$ cat protein.txt   # compact mmCIF, C-alpha atoms and all ligand atoms
# COMPACT_ATOMS: atom_id res chain seq x y z
CA MET A 292 77.28 94.35 102.13
CA LYS A 293 76.38 97.87 103.18
CA PRO A 294 78.75 100.71 102.31
CA SER A 295 81.11 101.62 105.12
CA LYS A 296 79.52 104.02 107.53
CA GLN A 297 82.87 105.15 108.85
CA PRO A 298 83.33 108.80 107.97
CA LEU A 299 86.19 109.37 105.58
CA SER A 300 87.67 111.95 107.92
CA ALA A 301 88.29 109.10 110.36
CA LEU A 302 90.12 107.14 107.71
CA ASN A 303 92.16 110.18 106.88
CA SER A 304 93.48 110.87 110.28
CA ASP A 305 96.70 109.08 109.54
CA SER A 306 98.03 108.35 112.97
CA LYS A 307 94.73 107.16 114.42
CA PHE A 308 93.99 104.99 111.41
CA LEU A 309 97.42 103.40 111.11
CA ASN A 310 97.83 102.94 114.85
CA SER A 311 94.60 100.98 114.89
CA ILE A 312 96.09 98.32 112.64
CA LEU A 313 99.79 98.49 113.44
CA GLN A 314 99.46 96.54 116.65
CA PRO A 315 102.03 93.82 117.29
CA PRO A 316 101.10 90.69 115.33
CA CYS A 317 99.24 88.02 117.22
CA GLU A 318 101.27 84.84 116.83
CA ASP A 319 98.67 82.60 118.45
CA LEU A 320 96.12 81.55 115.89
CA SER A 321 92.74 81.21 117.47
CA GLN A 322 90.45 78.56 116.08
CA GLY A 323 88.70 79.82 112.99
CA ASP A 324 91.54 82.02 111.74
CA PHE A 325 92.03 81.69 108.02
CA PHE A 326 93.65 83.29 105.02
CA ILE A 327 91.76 85.57 102.65
CA ASP A 328 92.49 85.80 98.93
CA ALA A 329 92.19 89.56 98.52
CA HIS A 330 91.83 89.56 94.74
CA CYS A 331 90.59 87.00 92.23
CA HIS A 332 88.20 86.61 89.30
CA LEU A 333 85.95 83.77 90.34
CA ALA A 334 83.41 84.41 87.57
CA ASP A 335 85.98 83.56 84.89
CA SER A 336 84.33 80.90 82.76
CA ARG A 337 87.52 78.80 82.69
CA LEU A 338 87.20 78.14 86.43
CA ASP A 339 85.13 75.61 88.35
CA TRP A 340 84.27 77.93 91.25
CA ARG A 341 83.16 75.18 93.64
CA LYS A 342 86.36 73.23 93.09
CA GLU A 343 88.36 76.45 93.49
CA LEU A 344 86.77 77.16 96.89
CA GLU A 345 87.13 73.55 98.05
CA GLU A 346 90.79 73.35 97.12
CA ALA A 347 91.43 76.76 98.68
CA ALA A 348 89.75 75.69 101.93
CA ALA A 349 92.19 72.76 102.08
CA GLU A 350 94.94 75.43 102.24
CA ASN A 351 93.04 77.35 104.96
CA VAL A 352 91.91 80.02 102.48
CA GLN A 353 88.28 80.47 103.43
CA LYS A 354 87.33 83.86 102.08
CA VAL A 355 87.92 85.57 98.73
CA ILE A 356 87.33 89.01 97.31
CA SER A 357 86.29 88.45 93.73
CA CYS A 358 85.98 90.99 90.97
CA ALA A 359 83.26 91.74 88.37
CA LEU A 360 84.34 93.58 85.23
CA SER A 361 81.49 92.85 82.81
CA PRO A 362 77.66 92.67 82.98
CA ALA A 363 77.90 88.86 82.84
CA GLU A 364 80.30 88.85 85.78
CA ILE A 365 77.96 91.09 87.80
CA LEU A 366 75.13 88.62 87.18
CA TRP A 367 77.40 85.73 88.12
CA HIS A 368 78.23 87.29 91.48
CA GLN A 369 74.60 88.20 92.16
CA SER A 370 73.55 84.61 91.53
CA HIS A 371 76.40 82.95 93.43
CA LEU A 372 75.87 84.32 96.91
CA ASP A 373 78.20 82.46 99.23
CA PRO A 374 79.57 83.55 102.61
CA ALA A 375 83.07 82.80 101.29
CA ILE A 376 82.72 85.34 98.45
CA ALA A 377 82.80 89.12 98.80
CA TRP A 378 83.06 91.09 95.59
CA VAL A 379 83.92 94.38 93.97
CA ALA A 380 83.03 95.78 90.54
CA GLY A 381 84.63 98.33 88.31
CA MET A 382 85.65 99.52 84.86
CA HIS A 383 89.13 98.12 84.23
CA PRO A 384 91.52 100.43 82.36
CA PHE A 385 92.49 97.70 79.91
CA TYR A 386 89.31 95.89 78.98
CA PRO A 387 87.77 95.10 75.57
CA ALA A 388 85.73 98.15 74.51
CA GLY A 389 81.99 97.57 74.66
CA LYS A 390 82.27 94.61 77.05
CA GLU A 391 82.89 96.61 80.19
CA ILE A 392 80.21 97.59 82.69
CA THR A 393 78.79 101.08 82.88
CA LEU A 394 79.13 103.71 85.56
CA ASP A 395 75.36 103.51 86.14
CA ALA A 396 75.65 99.78 86.82
CA ILE A 397 78.38 100.41 89.41
CA ALA A 398 76.31 103.19 91.01
CA THR A 399 73.35 100.80 91.33
CA LEU A 400 75.55 98.17 93.00
CA CYS A 401 76.79 100.83 95.43
CA GLN A 402 73.23 101.90 96.23
CA LYS A 403 72.10 98.33 96.81
CA GLY A 404 75.13 97.57 98.99
CA ASP A 405 75.97 94.55 96.80
CA ILE A 406 79.69 95.29 96.54
CA CYS A 407 82.37 95.77 99.18
CA GLY A 408 84.50 98.05 97.03
CA ILE A 409 85.11 99.49 93.57
CA GLY A 410 87.72 97.83 91.38
CA GLU A 411 89.79 96.87 89.81
CA ILE A 412 90.27 100.31 88.36
CA GLY A 413 93.30 102.43 87.61
CA LEU A 414 95.88 103.12 84.93
CA ASP A 415 97.57 100.62 82.65
CA GLY A 416 100.67 101.78 80.75
CA ARG A 417 100.34 98.87 78.30
CA ASN A 418 97.25 100.51 76.87
CA GLY A 419 98.70 103.84 75.66
CA ASP A 420 95.62 106.09 75.94
CA MET A 421 96.00 107.68 79.36
CA GLU A 422 93.43 110.40 78.75
CA THR A 423 90.63 107.89 78.11
CA GLN A 424 91.69 105.85 81.13
CA ILE A 425 91.59 108.92 83.37
CA LYS A 426 88.10 109.77 82.09
CA LEU A 427 87.02 106.26 83.06
CA LEU A 428 88.73 106.39 86.43
CA LEU A 429 87.65 109.75 87.87
CA PRO A 430 83.89 109.15 88.09
CA GLN A 431 84.52 105.76 89.68
CA LEU A 432 86.67 107.43 92.35
CA ASP A 433 83.84 109.93 92.83
CA LEU A 434 81.46 107.03 93.47
CA ALA A 435 83.88 105.44 95.94
CA ARG A 436 84.12 108.75 97.78
CA MET A 437 80.35 109.28 97.74
CA TYR A 438 79.64 105.82 99.20
CA GLY A 439 82.73 105.65 101.44
CA LEU A 440 83.82 102.48 99.64
CA PRO A 441 87.39 101.23 99.35
CA VAL A 442 89.04 100.99 95.94
CA VAL A 443 91.05 98.16 94.35
CA PHE A 444 93.68 99.75 92.11
CA HIS A 445 95.16 98.06 89.07
CA VAL A 446 98.28 99.94 88.01
CA VAL A 447 100.81 99.00 85.36
CA ARG A 448 103.77 101.40 84.92
CA TRP A 449 101.86 104.63 85.55
CA HIS A 450 102.19 104.60 89.36
CA TYR A 451 103.37 108.18 89.71
CA GLU A 452 100.71 109.49 87.32
CA LEU A 453 98.06 107.87 89.52
CA ILE A 454 99.70 109.16 92.70
CA ARG A 455 99.67 112.72 91.30
CA LEU A 456 96.02 112.38 90.33
CA LEU A 457 95.07 111.09 93.80
CA LYS A 458 97.01 113.84 95.53
CA ARG A 459 95.24 116.51 93.46
CA ASN A 460 91.72 115.11 93.50
CA PHE A 461 91.25 112.25 95.98
CA PRO A 462 93.60 112.64 98.96
CA GLY A 463 91.08 110.79 101.14
CA VAL A 464 91.03 107.65 98.95
CA HIS A 465 91.35 104.33 100.77
CA GLY A 466 91.84 100.80 99.47
CA ILE A 467 94.55 98.55 98.08
CA VAL A 468 96.98 98.55 95.18
CA HIS A 469 96.50 95.01 93.95
CA GLY A 470 99.33 92.80 92.66
CA PHE A 471 101.86 95.42 93.72
CA ASP A 472 105.26 94.56 92.22
CA SER A 473 106.90 97.95 91.84
CA SER A 474 109.74 99.75 93.63
CA PRO A 475 110.12 100.61 97.33
CA GLU A 476 109.94 104.29 96.29
CA ALA A 477 106.54 103.75 94.65
CA ALA A 478 105.37 101.87 97.77
CA GLU A 479 106.47 104.80 99.89
CA ALA A 480 104.65 107.28 97.64
CA TYR A 481 101.39 105.27 97.83
CA SER A 482 101.78 105.10 101.60
CA ARG A 483 101.01 108.81 101.90
CA PHE A 484 97.41 107.71 101.34
CA ASN A 485 95.29 105.22 103.25
CA LEU A 486 96.27 102.60 100.70
CA GLY A 487 97.49 99.11 101.45
CA PHE A 488 99.22 96.64 99.17
CA SER A 489 97.96 93.31 97.95
CA LEU A 490 100.92 91.02 97.25
CA GLY A 491 100.59 88.17 94.78
CA CYS A 492 102.54 85.17 93.54
CA LYS A 493 105.08 87.56 91.95
CA SER A 494 106.39 89.48 94.96
CA PRO A 495 108.23 92.78 94.55
CA SER A 496 111.85 93.16 95.73
CA ALA A 497 112.86 92.28 99.29
CA LYS A 498 113.35 96.02 99.95
CA ALA A 499 109.80 96.84 98.83
CA VAL A 500 108.36 93.92 100.83
CA ALA A 501 110.36 95.02 103.90
CA PHE A 502 108.91 98.53 103.64
CA ILE A 503 105.36 97.27 103.08
CA THR A 504 105.41 94.72 105.89
CA ALA A 505 107.02 97.15 108.35
CA ARG A 506 104.20 99.61 107.60
CA GLY A 507 101.76 96.76 108.11
CA LEU A 508 98.96 97.58 105.69
CA PHE A 509 98.93 94.63 103.31
CA CYS A 510 97.10 91.50 102.21
CA VAL A 511 97.71 88.55 99.88
CA GLU A 512 96.11 87.52 96.59
CA THR A 513 96.29 85.07 93.70
CA ASP A 514 94.50 87.18 91.04
CA THR A 515 93.13 83.79 89.89
CA PRO A 516 93.15 82.86 87.02
CA PHE A 517 95.88 85.40 86.21
CA GLN A 518 99.32 86.30 87.67
CA LYS A 519 100.84 82.84 88.10
CA ALA A 520 104.18 82.44 89.82
CA THR A 521 106.96 82.50 87.22
CA ASP A 522 107.71 78.77 87.58
CA ASN A 523 104.07 77.69 87.52
CA MET A 524 103.62 75.73 84.29
CA LYS A 525 99.86 75.28 84.68
CA PRO A 526 97.71 77.25 82.21
CA LEU A 527 95.85 79.16 84.95
CA ASN A 528 96.45 80.37 88.47
CA HIS A 529 94.19 78.97 91.19
CA LEU A 530 93.04 80.00 94.65
CA ASN A 531 95.01 77.15 96.21
CA GLN A 532 98.20 78.88 95.06
CA LEU A 533 97.84 81.54 97.75
CA PRO A 534 100.55 79.82 99.89
CA ILE A 535 103.04 80.83 97.16
CA ALA A 536 102.21 84.50 97.72
CA ILE A 537 102.47 83.98 101.48
CA ALA A 538 105.83 82.19 101.13
CA GLY A 539 107.12 85.10 99.02
CA ILE A 540 106.40 87.51 101.88
CA THR A 541 107.82 85.16 104.51
CA THR A 542 111.07 84.73 102.56
CA ARG A 543 111.54 88.44 101.92
CA SER A 544 110.42 89.80 105.29
CA GLY A 545 110.97 87.03 107.84
CA LEU A 546 107.35 87.44 109.01
CA SER A 547 105.68 84.23 110.12
CA GLN A 548 102.54 82.91 108.42
CA GLN A 549 100.62 83.77 111.57
CA ALA A 550 101.81 87.36 111.47
CA ILE A 551 100.84 87.63 107.80
CA LEU A 552 97.43 86.15 108.57
CA HIS A 553 96.87 88.67 111.32
CA ARG A 554 97.93 91.64 109.15
CA GLN A 555 95.92 90.70 106.06
CA LYS A 556 92.78 90.33 108.14
CA ALA A 557 93.35 93.61 109.99
CA THR A 558 94.10 95.38 106.70
CA LEU A 559 90.96 94.20 104.90
CA HIS A 560 88.74 94.99 107.87
CA SER A 561 90.30 98.38 108.56
CA LEU A 562 90.03 99.45 104.93
CA GLY A 563 86.36 98.49 104.87
CA PHE A 564 86.44 95.54 102.45
CA LEU A 565 85.19 93.13 105.10
CA GLU A 566 82.81 93.75 107.93
CA THR A 567 84.21 93.43 111.40
CA SER A 568 82.37 90.73 113.29
ZN ZN B 1 92.69 91.11 88.66

$ encode --input "protein.txt" --output "structure tokens"
Amino acid sequence: MKPSKQPLSALNSDSKFLNSILQPPCEDLSQGDFFIDAHCHLADSRLDWRKELEEAAAENVQKVISCALSPAEILWHQSHLDPAIAWVAGMHPFYPAGKEITLDAIATLCQKGDICGIGEIGLDGRNGDMETQIKLLLPQLDLARMYGLPVVFHVVRWHYELIRLLKRNFPGVHGIVHGFDSSPEAAEAYSRFNLGFSLGCKSPSAKAVAFITARGLFCVETDTPFQKATDNMKPLNHLNQLPIAIAGITTRSGLSQQAILHRQKATLHSLGFLETS
């Protein structure tokens, strides 16, 4: 997939950008409408990727955005080209040292147009060394800016530290905060940027979901094989669990499945993860 050709200035003009996606939801599903799993790790060796996609399709999940975090996972995605799979690559802030991919490898993927975004990258408060994480993060944000690519953020605890860093250095960033489960205040702070929220099987509070859905820039994810719903006793999460994430939004916001479907699609297209057909 080629890097987005949309100039970043267009993405930054807040009102124009948001107005383009905050149209009233279309409740009538046309044939061919489907759900998209906005974040998963399909190259995980514990998964049978074909079975995952088949079982997801049975739940009307027909597209996924998968994530490569190691050289082996890059190779996996390059050798499993499937119209159902788009993918991003990045240096995760909490990844075994020496196993992660290099900045050069990400730059090459950007040049070749292999990836639809950079991620998951960010700050993880469980892994105490913020300085090292910031050193890893900044050049990846530079690459995203250079190629006009969206970013998938992974953030644990250090939301406001990331927000400060973006405000200072990358006010034009665009992308999603994946697996968002923080406060309505944090959601509001992220919303000063062209950032949407990817909501998983562990939804944030009703107040946060109400804010996010009213703003309209959001999508849904399983983070397969991670981030199971709390009452899911299976060892791994799977793509066919996406309805749990959707139900979490429906319960907390009152939005219909059709409305969620419309918004997630508009969000992922508007942010540049998926090409508009
Ligand atoms: Zn993930």

$ residues_near_ligand --input "protein.txt" --ligand "ligand ZN 1 (chain B)" --cutoff "9 Å" --atoms "all atoms listed in the file" --output "ChimeraX atom specification"
/A:330-332,357-358,410-411,445,469-470,513-518

$ residues_around --input "protein.txt" --residues "region 334-346 of chain A" --least-positions-apart "6" --cutoff "10 Å" --atoms "only C-alpha atoms" --output "MDAnalysis selection string"
chainID A and resid 352:355 357:361 363:368 371 375:376 515:516 527:532

$ write_last_selection --input "protein.txt" --atoms "C-alpha atoms" --output "PDB file, keeping the file's coordinate frame"
ATOM      1  CA  VAL A 352      91.910  80.020 102.480  1.00  0.00           C
ATOM      2  CA  GLN A 353      88.280  80.470 103.430  1.00  0.00           C
ATOM      3  CA  LYS A 354      87.330  83.860 102.080  1.00  0.00           C
ATOM      4  CA  VAL A 355      87.920  85.570  98.730  1.00  0.00           C
ATOM      5  CA  SER A 357      86.290  88.450  93.730  1.00  0.00           C
ATOM      6  CA  CYS A 358      85.980  90.990  90.970  1.00  0.00           C
ATOM      7  CA  ALA A 359      83.260  91.740  88.370  1.00  0.00           C
ATOM      8  CA  LEU A 360      84.340  93.580  85.230  1.00  0.00           C
ATOM      9  CA  SER A 361      81.490  92.850  82.810  1.00  0.00           C
ATOM     10  CA  ALA A 363      77.900  88.860  82.840  1.00  0.00           C
ATOM     11  CA  GLU A 364      80.300  88.850  85.780  1.00  0.00           C
ATOM     12  CA  ILE A 365      77.960  91.090  87.800  1.00  0.00           C
ATOM     13  CA  LEU A 366      75.130  88.620  87.180  1.00  0.00           C
ATOM     14  CA  TRP A 367      77.400  85.730  88.120  1.00  0.00           C
ATOM     15  CA  HIS A 368      78.230  87.290  91.480  1.00  0.00           C
ATOM     16  CA  HIS A 371      76.400  82.950  93.430  1.00  0.00           C
ATOM     17  CA  ALA A 375      83.070  82.800 101.290  1.00  0.00           C
ATOM     18  CA  ILE A 376      82.720  85.340  98.450  1.00  0.00           C
ATOM     19  CA  THR A 515      93.130  83.790  89.890  1.00  0.00           C
ATOM     20  CA  PRO A 516      93.150  82.860  87.020  1.00  0.00           C
ATOM     21  CA  LEU A 527      95.850  79.160  84.950  1.00  0.00           C
ATOM     22  CA  ASN A 528      96.450  80.370  88.470  1.00  0.00           C
ATOM     23  CA  HIS A 529      94.190  78.970  91.190  1.00  0.00           C
ATOM     24  CA  LEU A 530      93.040  80.000  94.650  1.00  0.00           C
ATOM     25  CA  ASN A 531      95.010  77.150  96.210  1.00  0.00           C
ATOM     26  CA  GLN A 532      98.200  78.880  95.060  1.00  0.00           C
TER      27      GLN A 532
END

$ closest_residue --input "protein.txt" --among "A:Gly463, A:Pro526, A:Gly323, A:Pro534" --to "Cys492 (chain A)" --atoms "all atoms listed in the file"
A:Pro534

$ atom_distance --input "protein.txt" --atom1 "CA of Leu432 (chain A)" --atom2 "CA of Ala380 (chain A)"
12.3 Å

$ closest_residue --input "protein.txt" --among "A:Leu372, A:Leu434, A:Ala348, A:Val446" --to "Asp405 (chain A)" --atoms "all atoms listed in the file"
A:Leu372

$ atom_distance --input "protein.txt" --atom1 "CA of Glu512 (chain A)" --atom2 "CA of Arg417 (chain A)"
21.9 Å

$ atom_distance --input "protein.txt" --atom1 "CA of Leu457 (chain A)" --atom2 "CA of Asn485 (chain A)"
11.1 Å

$ residues_around --input "protein.txt" --residues "region 496-503 of chain A" --least-positions-apart "2" --cutoff "6 Å" --atoms "all atoms listed in the file" --output "number ranges by chain"
A: 474-475, 505-506, 543-544

$ closest_residue --input "protein.txt" --among "A:Leu428, A:Ile397, A:Ile327, A:Leu333" --to "Pro362 (chain A)" --atoms "all atoms listed in the file"
A:Ile397

$ closest_residue --input "protein.txt" --among "A:Ala557, A:Val511, A:Ile535, A:Leu490" --to "Ile356 (chain A)" --atoms "all atoms listed in the file"
A:Val511

$ closest_residue --input "protein.txt" --among "A:Ile412, A:Leu533, A:Ala435, A:Ala550" --to "Ala349 (chain A)" --atoms "all atoms listed in the file"
A:Leu533

$ closest_residue --input "protein.txt" --among "A:Leu508, A:Met524, A:Leu400, A:Ile392" --to "Leu427 (chain A)" --atoms "only C-alpha atoms"
A:Ile392

$ axis_aligned_box --input "protein.txt" --around "region 415-418 of chain A" --padding-each-side "4 Å" --output "JSON"
{"center_x": 99.0, "center_y": 100.3, "center_z": 79.8, "size_x": 11.4, "size_y": 10.9, "size_z": 13.8}

$ decode --input "protein.txt" --residues "region 333-450 of chain A" --atoms "C-alpha atoms" --output "mmCIF file, in the first residue's frame"
data_model
loop_
_atom_site.group_PDB
_atom_site.id
_atom_site.type_symbol
_atom_site.label_atom_id
_atom_site.label_comp_id
_atom_site.auth_asym_id
_atom_site.auth_seq_id
_atom_site.Cartn_x
_atom_site.Cartn_y
_atom_site.Cartn_z
ATOM 1 C CA LEU A 333 -1.721 -12.403 13.013
ATOM 2 C CA ALA A 334 1.912 -13.522 12.711
ATOM 3 C CA ASP A 335 1.892 -14.838 16.290
ATOM 4 C CA SER A 336 3.067 -18.435 16.016
ATOM 5 C CA ARG A 337 0.344 -19.635 18.398
ATOM 6 C CA LEU A 338 -2.337 -18.730 15.839
ATOM 7 C CA ASP A 339 -3.631 -20.610 12.811
ATOM 8 C CA TRP A 340 -4.063 -17.547 10.601
ATOM 9 C CA ARG A 341 -6.326 -19.222 8.039
ATOM 10 C CA LYS A 342 -8.664 -20.491 10.733
ATOM 11 C CA GLU A 343 -8.594 -17.046 12.376
ATOM 12 C CA LEU A 344 -9.689 -15.344 9.134
ATOM 13 C CA GLU A 345 -12.342 -17.982 8.393
ATOM 14 C CA GLU A 346 -13.877 -17.761 11.845
ATOM 15 C CA ALA A 347 -13.740 -13.960 11.727
ATOM 16 C CA ALA A 348 -15.501 -13.918 8.341
ATOM 17 C CA ALA A 349 -18.334 -15.920 9.927
ATOM 18 C CA GLU A 350 -18.784 -12.910 12.255
ATOM 19 C CA ASN A 351 -18.684 -10.492 9.287
ATOM 20 C CA VAL A 352 -15.123 -9.400 10.125
ATOM 21 C CA GLN A 353 -13.499 -9.381 6.706
ATOM 22 C CA LYS A 354 -10.489 -7.141 7.069
ATOM 23 C CA VAL A 355 -7.750 -6.894 9.704
ATOM 24 C CA ILE A 356 -4.866 -4.570 10.397
ATOM 25 C CA SER A 357 -2.085 -6.777 11.670
ATOM 26 C CA CYS A 358 1.143 -5.745 13.313
ATOM 27 C CA ALA A 359 4.806 -6.743 12.769
ATOM 28 C CA LEU A 360 7.182 -6.194 15.683
ATOM 29 C CA SER A 361 10.120 -8.452 14.804
ATOM 30 C CA PRO A 362 12.098 -9.349 11.645
ATOM 31 C CA ALA A 363 10.316 -12.728 11.574
ATOM 32 C CA GLU A 364 6.931 -11.003 11.715
ATOM 33 C CA ILE A 365 7.909 -8.685 8.844
ATOM 34 C CA LEU A 366 8.812 -11.734 6.748
ATOM 35 C CA TRP A 367 5.556 -13.410 7.728
ATOM 36 C CA HIS A 368 3.502 -10.458 6.508
ATOM 37 C CA GLN A 369 5.515 -10.146 3.298
ATOM 38 C CA SER A 370 4.903 -13.804 2.517
ATOM 39 C CA HIS A 371 1.221 -13.873 3.497
ATOM 40 C CA LEU A 372 -0.228 -11.333 1.108
ATOM 41 C CA ASP A 373 -3.992 -11.513 1.398
ATOM 42 C CA PRO A 374 -6.578 -8.853 0.556
ATOM 43 C CA ALA A 375 -8.006 -9.319 4.059
ATOM 44 C CA ILE A 376 -4.710 -8.330 5.716
ATOM 45 C CA ALA A 377 -3.260 -4.827 5.911
ATOM 46 C CA TRP A 378 -0.311 -4.364 8.224
ATOM 47 C CA VAL A 379 1.817 -1.940 10.180
ATOM 48 C CA ALA A 380 5.308 -2.319 11.649
ATOM 49 C CA GLY A 381 7.089 -0.645 14.494
ATOM 50 C CA MET A 382 9.412 -0.816 17.485
ATOM 51 C CA HIS A 383 7.218 -1.572 20.501
ATOM 52 C CA PRO A 384 8.205 0.209 23.732
ATOM 53 C CA PHE A 385 8.076 -3.020 25.728
ATOM 54 C CA TYR A 386 9.692 -5.684 23.593
ATOM 55 C CA PRO A 387 12.527 -8.130 24.346
ATOM 56 C CA ALA A 388 15.810 -6.308 23.634
ATOM 57 C CA GLY A 389 17.572 -7.556 20.520
ATOM 58 C CA LYS A 390 14.423 -9.117 19.046
ATOM 59 C CA GLU A 391 12.837 -5.913 17.827
ATOM 60 C CA ILE A 392 13.100 -4.579 14.287
ATOM 61 C CA THR A 393 15.383 -1.725 13.359
ATOM 62 C CA LEU A 394 14.558 1.794 12.256
ATOM 63 C CA ASP A 395 16.217 1.051 8.902
ATOM 64 C CA ALA A 396 13.873 -1.901 8.383
ATOM 65 C CA ILE A 397 10.841 0.316 9.051
ATOM 66 C CA ALA A 398 12.198 2.998 6.701
ATOM 67 C CA THR A 399 12.573 0.379 3.939
ATOM 68 C CA LEU A 400 8.966 -0.779 4.451
ATOM 69 C CA CYS A 401 7.823 2.853 4.220
ATOM 70 C CA GLN A 402 9.794 3.368 1.000
ATOM 71 C CA LYS A 403 8.399 0.209 -0.570
ATOM 72 C CA GLY A 404 4.842 1.092 0.466
ATOM 73 C CA ASP A 405 4.474 -2.308 2.178
ATOM 74 C CA ILE A 406 2.882 -0.973 5.352
ATOM 75 C CA CYS A 407 -0.232 1.121 5.938
ATOM 76 C CA GLY A 408 1.078 2.703 9.128
ATOM 77 C CA ILE A 409 3.751 2.668 11.822
ATOM 78 C CA GLY A 410 3.005 0.840 15.060
ATOM 79 C CA GLU A 411 2.461 -0.213 17.561
ATOM 80 C CA ILE A 412 4.755 2.333 19.126
ATOM 81 C CA GLY A 413 4.520 4.541 22.171
ATOM 82 C CA LEU A 414 5.207 4.582 25.894
ATOM 83 C CA ASP A 415 4.656 1.788 28.385
ATOM 84 C CA GLY A 416 4.722 2.682 32.086
ATOM 85 C CA ARG A 417 5.248 -0.979 33.041
ATOM 86 C CA ASN A 418 8.733 -0.778 31.586
ATOM 87 C CA GLY A 419 10.266 1.967 33.765
ATOM 88 C CA ASP A 420 12.852 3.414 31.355
ATOM 89 C CA MET A 421 11.029 6.322 29.744
ATOM 90 C CA GLU A 422 14.157 7.931 28.319
ATOM 91 C CA THR A 423 15.033 4.849 26.244
ATOM 92 C CA GLN A 424 11.425 4.525 25.093
ATOM 93 C CA ILE A 425 11.359 8.145 23.944
ATOM 94 C CA LYS A 426 14.612 7.626 22.020
ATOM 95 C CA LEU A 427 12.952 4.688 20.261
ATOM 96 C CA LEU A 428 9.737 6.572 19.612
ATOM 97 C CA LEU A 429 10.908 9.913 18.193
ATOM 98 C CA PRO A 430 12.618 8.671 15.019
ATOM 99 C CA GLN A 431 9.615 6.469 14.257
ATOM 100 C CA LEU A 432 7.341 9.507 14.510
ATOM 101 C CA ASP A 433 9.764 11.323 12.203
ATOM 102 C CA LEU A 434 9.352 8.510 9.665
ATOM 103 C CA ALA A 435 5.559 8.648 9.966
ATOM 104 C CA ARG A 436 5.681 12.395 9.344
ATOM 105 C CA MET A 437 8.095 12.036 6.425
ATOM 106 C CA TYR A 438 5.913 9.432 4.664
ATOM 107 C CA GLY A 439 2.554 10.875 5.763
ATOM 108 C CA LEU A 440 1.702 7.555 7.426
ATOM 109 C CA PRO A 441 -0.698 7.088 10.326
ATOM 110 C CA VAL A 442 0.588 5.811 13.665
ATOM 111 C CA VAL A 443 -0.764 3.078 15.957
ATOM 112 C CA PHE A 444 0.003 4.116 19.531
ATOM 113 C CA HIS A 445 0.464 1.677 22.377
ATOM 114 C CA VAL A 446 0.277 3.558 25.666
ATOM 115 C CA VAL A 447 0.212 2.171 29.185
ATOM 116 C CA ARG A 448 -0.065 4.738 32.019
ATOM 117 C CA TRP A 449 2.069 7.452 30.410
ATOM 118 C CA HIS A 450 -0.734 9.077 28.388
#
